[in-house]
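Raw contents of structure_7.tsv, TSV, C-alpha atoms and all ligand atoms:
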```tsv
chain	number	residue	atom	x	y	z
G	1	MET	CA	-38.57	139.66	-37.93
G	2	ILE	CA	-35.72	140.07	-35.44
G	3	ALA	CA	-33.32	137.18	-34.89
G	4	ILE	CA	-32.09	136.79	-31.32
G	5	GLY	CA	-29.53	134.48	-29.73
G	6	SER	CA	-27.27	134.19	-26.72
G	7	ASP	CA	-24.98	131.85	-24.87
G	8	HIS	CA	-25.64	130.80	-21.25
G	9	ALA	CA	-24.17	134.07	-19.92
G	10	GLY	CA	-26.70	136.06	-21.93
G	11	TYR	CA	-29.67	133.74	-21.50
G	12	LEU	CA	-31.50	135.64	-18.74
G	13	LEU	CA	-31.15	139.00	-20.48
G	14	LYS	CA	-32.26	137.38	-23.75
G	15	ALA	CA	-35.48	136.23	-22.07
G	16	ASP	CA	-36.13	139.79	-20.83
G	17	ILE	CA	-35.34	141.24	-24.27
G	18	ILE	CA	-37.73	138.84	-26.02
G	19	LYS	CA	-40.54	139.94	-23.67
G	20	PHE	CA	-39.61	143.59	-24.27
G	21	LEU	CA	-39.64	143.21	-28.07
G	22	GLU	CA	-42.90	141.26	-28.09
G	23	SER	CA	-44.53	143.87	-25.85
G	24	LYS	CA	-43.76	146.34	-28.65
G	25	GLY	CA	-45.51	144.11	-31.18
G	26	LEU	CA	-42.26	142.99	-32.84
G	27	GLN	CA	-41.80	139.46	-34.16
G	28	VAL	CA	-38.81	137.59	-32.79
G	29	LYS	CA	-37.12	134.36	-33.89
G	30	ASP	CA	-35.16	132.83	-31.00
G	31	PHE	CA	-32.04	130.87	-32.00
G	32	GLY	CA	-31.28	129.79	-28.40
G	33	THR	CA	-29.65	128.95	-26.10
G	34	ASN	CA	-32.52	127.77	-23.96
G	35	SER	CA	-31.04	127.59	-20.45
G	36	CYS	CA	-28.16	128.75	-18.25
G	37	GLU	CA	-26.24	125.53	-18.99
G	38	SER	CA	-22.80	126.25	-20.42
G	39	VAL	CA	-22.62	126.44	-24.22
G	40	ASP	CA	-20.28	128.04	-26.79
G	41	TYR	CA	-21.10	131.59	-27.91
G	42	PRO	CA	-19.83	131.18	-31.53
G	43	ASP	CA	-22.68	128.74	-32.26
G	44	PHE	CA	-25.32	131.34	-31.43
G	45	GLY	CA	-23.50	134.29	-32.98
G	46	GLN	CA	-23.25	132.29	-36.21
G	47	ALA	CA	-26.93	131.22	-36.19
G	48	VAL	CA	-28.21	134.78	-35.76
G	49	ALA	CA	-25.71	136.20	-38.25
G	50	GLU	CA	-26.69	133.64	-40.90
G	51	ALA	CA	-30.38	134.44	-40.41
G	52	VAL	CA	-29.62	138.13	-41.06
G	53	SER	CA	-27.14	137.52	-43.87
G	54	SER	CA	-29.64	135.25	-45.71
G	55	LYS	CA	-32.36	137.94	-45.16
G	56	GLU	CA	-34.53	135.44	-43.28
G	57	CYS	CA	-34.49	138.09	-40.54
G	58	GLU	CA	-34.15	141.84	-40.98
G	59	LYS	CA	-31.89	142.47	-37.97
G	60	GLY	CA	-30.28	140.49	-35.16
G	61	ILE	CA	-29.62	140.88	-31.45
G	62	ILE	CA	-26.96	138.73	-29.77
G	63	ILE	CA	-26.02	138.52	-26.11
G	64	CYS	CA	-23.16	136.87	-24.22
G	65	GLY	CA	-21.42	137.78	-20.97
G	66	THR	CA	-19.59	140.77	-22.42
G	67	GLY	CA	-21.02	140.90	-25.96
G	68	ILE	CA	-17.46	140.54	-27.24
G	69	GLY	CA	-17.11	136.87	-28.18
G	70	ILE	CA	-20.52	136.64	-29.79
G	71	SER	CA	-19.98	139.84	-31.84
G	72	ILE	CA	-16.55	138.67	-33.04
G	73	SER	CA	-18.21	135.40	-34.13
G	74	ALA	CA	-21.12	137.10	-35.91
G	75	ASN	CA	-18.74	139.43	-37.75
G	76	LYS	CA	-17.13	136.43	-39.48
G	77	VAL	CA	-20.32	135.87	-41.50
G	78	PRO	CA	-20.22	137.81	-44.80
G	79	GLY	CA	-22.51	140.82	-44.88
G	80	ILE	CA	-22.71	141.13	-41.10
G	81	ARG	CA	-21.85	144.33	-39.28
G	82	ALA	CA	-22.29	143.44	-35.61
G	83	ALA	CA	-21.81	146.32	-33.16
G	84	ILE	CA	-21.31	145.89	-29.45
G	85	CYS	CA	-23.08	148.74	-27.64
G	86	THR	CA	-23.02	149.66	-23.97
G	87	ASP	CA	-25.20	152.78	-24.22
G	88	SER	CA	-27.73	154.42	-26.52
G	89	TYR	CA	-25.14	156.81	-28.04
G	90	MET	CA	-23.19	153.82	-29.37
G	91	ALA	CA	-26.45	152.24	-30.53
G	92	ARG	CA	-27.43	155.40	-32.46
G	93	MET	CA	-23.98	155.80	-34.04
G	94	SER	CA	-23.78	152.12	-34.99
G	95	ARG	CA	-26.93	152.59	-37.08
G	96	GLN	CA	-26.30	156.12	-38.42
G	97	HIS	CA	-22.63	155.69	-39.34
G	98	ASN	CA	-21.98	151.93	-39.58
G	99	ASP	CA	-25.36	150.55	-40.74
G	100	ALA	CA	-24.97	147.81	-38.12
G	101	ASN	CA	-27.36	144.94	-38.85
G	102	VAL	CA	-26.63	143.01	-35.66
G	103	LEU	CA	-26.57	144.46	-32.13
G	104	ALA	CA	-24.40	142.80	-29.47
G	105	ILE	CA	-24.99	143.32	-25.74
G	106	GLY	CA	-23.20	141.98	-22.65
G	107	GLU	CA	-25.46	140.70	-19.88
G	108	ARG	CA	-22.59	141.09	-17.39
G	109	VAL	CA	-22.03	144.68	-18.54
G	110	VAL	CA	-25.47	146.29	-18.72
G	111	GLY	CA	-28.73	145.69	-16.84
G	112	PRO	CA	-32.11	145.21	-18.50
G	113	GLY	CA	-33.04	148.94	-18.31
G	114	VAL	CA	-29.95	150.08	-20.21
G	115	ALA	CA	-30.30	147.14	-22.62
G	116	PHE	CA	-33.91	148.13	-23.48
G	117	ASP	CA	-32.80	151.75	-24.01
G	118	ILE	CA	-30.00	150.57	-26.33
G	119	ILE	CA	-32.38	148.33	-28.29
G	120	GLU	CA	-35.09	150.98	-28.65
G	121	THR	CA	-32.58	153.50	-29.99
G	122	TRP	CA	-30.92	150.95	-32.28
G	123	LEU	CA	-34.21	149.80	-33.82
G	124	ASP	CA	-35.50	153.37	-34.29
G	125	THR	CA	-32.37	154.83	-35.93
G	126	GLU	CA	-31.76	154.83	-39.69
G	127	PHE	CA	-28.46	154.67	-41.56
G	128	LEU	CA	-27.43	158.13	-42.79
G	129	GLY	CA	-25.80	156.95	-46.05
G	130	GLY	CA	-23.73	159.56	-47.95
G	131	ARG	CA	-20.07	159.54	-46.89
G	132	HIS	CA	-20.89	156.73	-44.47
G	133	GLN	CA	-22.05	154.52	-47.35
G	134	ASN	CA	-18.63	154.85	-48.94
G	135	ARG	CA	-16.98	153.68	-45.70
G	136	VAL	CA	-19.37	150.77	-45.28
G	137	ASN	CA	-18.59	149.79	-48.89
G	138	LYS	CA	-14.91	149.74	-47.95
G	139	ILE	CA	-15.71	147.31	-45.12
G	140	SER	CA	-17.43	145.06	-47.69
G	141	ASN	CA	-14.38	145.32	-49.93
G	142	ILE	CA	-12.13	144.02	-47.14
G	143	GLU	CA	-14.51	141.10	-46.70
G	144	LYS	CA	-14.52	140.38	-50.46
G	145	LYS	CA	-10.70	140.43	-50.57
G	146	TYR	CA	-10.50	137.63	-47.99
G	147	THR	CA	-13.52	135.58	-49.06
G	148	VAL	CA	-12.40	132.33	-50.70
G	149	LYS	CA	-14.34	131.71	-53.91
Z	1	LIG	C1	-18.79	132.91	-20.94
Z	1	LIG	O1	-18.22	132.65	-19.71
Z	1	LIG	C2	-18.19	134.17	-21.54
Z	1	LIG	O2	-16.85	133.94	-21.86
Z	1	LIG	C3	-18.97	134.60	-22.78
Z	1	LIG	O3	-20.31	134.76	-22.45
Z	1	LIG	C4	-18.54	135.91	-23.40
Z	1	LIG	O4	-18.46	136.94	-22.47
Z	1	LIG	C5	-17.36	135.84	-24.29
Z	1	LIG	O5	-16.96	136.81	-24.93
```
As structure tokens, please, write out the structure in this file.
Ligand code: RB5
Amino acid sequence: MIAIGSDHAGYLLKADIIKFLESKGLQVKDFGTNSCESVDYPDFGQAVAEAVSSKECEKGIIICGTGIGISISANKVPGIRAAICTDSYMARMSRQHNDANVLAIGERVVGPGVAFDIIETWLDTEFLGGRHQNRVNKISNIEKKYTVK
């Protein structure tokens, strides 16, 4: 199951992405927003990130105008590695090297064709592990250091 969410500035691209994912036979859980009416991107970044962090969903896709605000928000949730990608090279690297579990896209930055290419690459690419695992562990250690118990 893929969690998906956007603010108003990502709503139209989100609708296209949901159709794209469903046409590939993938199951999608939509966390909103549900129109182009102005909303706050942290609410949707948080909802998708929590669905991934709790393992309710395997991966997440988040969209705002630039992909920046919503990815910053998602990255505040423990266990989340949200990567903003503007092309399929970044998408591939974010999986192979960073084990990104949330993909962020900017509707005002890329069109649907590039977005679909990014998503296809991101979903099809595995984490390489090895030396990259050690680095990802170090990211988790930073998170642990600042997590209030
Ligand atoms: C909304 O206008 C815009 O600020 C938001 O979608 C996003 O780009 C923020 O990072």
Between atom CA of G:Phe31 and atom CA of G:Ala47, distance in Å (one decimal):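 One can read the atom CA of G:Phe31 to atom CA of G:Ala47 distance as 6.6 Å.
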Shortest interatomic distance to ligand LIG 1 (chain Z) - which of G:Thr66, G:Thr147, G:Ser71, G:Asn34, counting all atoms listed in the file: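 For ligand LIG 1 (chain Z), the nearest of the given residues is G:Thr66.
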Given all atoms listed in the file as the counted atoms, nearest of G:Asp30, G:Asp87, G:Glu107, G:Asp99 to ligand LIG 1 (chain Z): G:Glu107
As a PyMOL selection string, please: every protein or nucleic acid residue near ligand LIG 1 (chain Z) (cut-off 7 Å, counting all atoms listed in the file). chain G and resi 7-10+41+64-70+106
Selected residues written out with C-alpha atoms, as a PDB file, in the frame of the given file:
```
ATOM      1  CA  ASP G   7     -24.980 131.850 -24.870  1.00  0.00           C
ATOM      2  CA  HIS G   8     -25.640 130.800 -21.250  1.00  0.00           C
ATOM      3  CA  ALA G   9     -24.170 134.070 -19.920  1.00  0.00           C
ATOM      4  CA  GLY G  10     -26.700 136.060 -21.930  1.00  0.00           C
ATOM      5  CA  TYR G  41     -21.100 131.590 -27.910  1.00  0.00           C
ATOM      6  CA  CYS G  64     -23.160 136.870 -24.220  1.00  0.00           C
ATOM      7  CA  GLY G  65     -21.420 137.780 -20.970  1.00  0.00           C
ATOM      8  CA  THR G  66     -19.590 140.770 -22.420  1.00  0.00           C
ATOM      9  CA  GLY G  67     -21.020 140.900 -25.960  1.00  0.00           C
ATOM     10  CA  ILE G  68     -17.460 140.540 -27.240  1.00  0.00           C
ATOM     11  CA  GLY G  69     -17.110 136.870 -28.180  1.00  0.00           C
ATOM     12  CA  ILE G  70     -20.520 136.640 -29.790  1.00  0.00           C
ATOM     13  CA  GLY G 106     -23.200 141.980 -22.650  1.00  0.00           C
TER      14      GLY G 106
END
```
Closest of G:Leu123, G:Pro78, G:Ala100, G:Ser54 to G:Lys145 - atom-to-atom distances counting all atoms listed in the file: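 Using all atoms listed in the file, G:Lys145 sits closest to G:Pro78.
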For G:Gly79, work out the shell of residues within 9 Å, counting only C-alpha atoms and skipping chain neighbours fewer than 6 positions away, then give it as a ChimeraX atom specification. /G:49,52-53,101,140,143
Residue with smallest distance to G:Ser35 - pool G:Lys14, G:Lys76, G:Arg95, G:Lys144, counting only C-alpha atoms: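 Closest to G:Ser35 of all the choices is G:Lys14.
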Please provide the set of residues having any atom within 9 Å of G:Val114, restricted to only C-alpha atoms, with same-chain residues fewer than 3 positions apart removed, written as JSON, numbers by chain. {"G": [86, 87, 88, 110, 111, 117, 118, 119]}
So how far away is atom CA of G:Cys57 from atom CA of G:Tyr89, in Å?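 Value for the atom CA of G:Tyr89-atom CA of G:Cys57 distance: 24.4 Å.
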Out of G:Asp16, G:Ile72, G:Tyr11, G:Gly130, which residue has the shortest atom-to-atom distance to G:Ile84 when counting all atoms listed in the file?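 The answer is G:Ile72, which sits nearest to G:Ile84.
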Proximity to G:Arg108 - best of G:Gly45, G:Ile63, G:Ser38, G:Lys55, only C-alpha atoms: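 Closest residue, counting only C-alpha atoms: G:Ile63.
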Selection: 8 Å around G:Leu26, all atoms listed in the file, excl. self and same-chain fewer than 5 positions, as a ChimeraX atom specification: /G:1-2,21
Interatomic distance (Å, one decimal) between atom CA of G:Asn137 and atom CA of G:Asp124: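 Rounded to one decimal, the two atoms are 22.6 Å apart.
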Neighbours of point (-23.1, 152.5, -38.8) within 12 Å, using all atoms listed in the file, written as a ChimeraX atom specification: /G:80-85,89-103,122,125-137,139
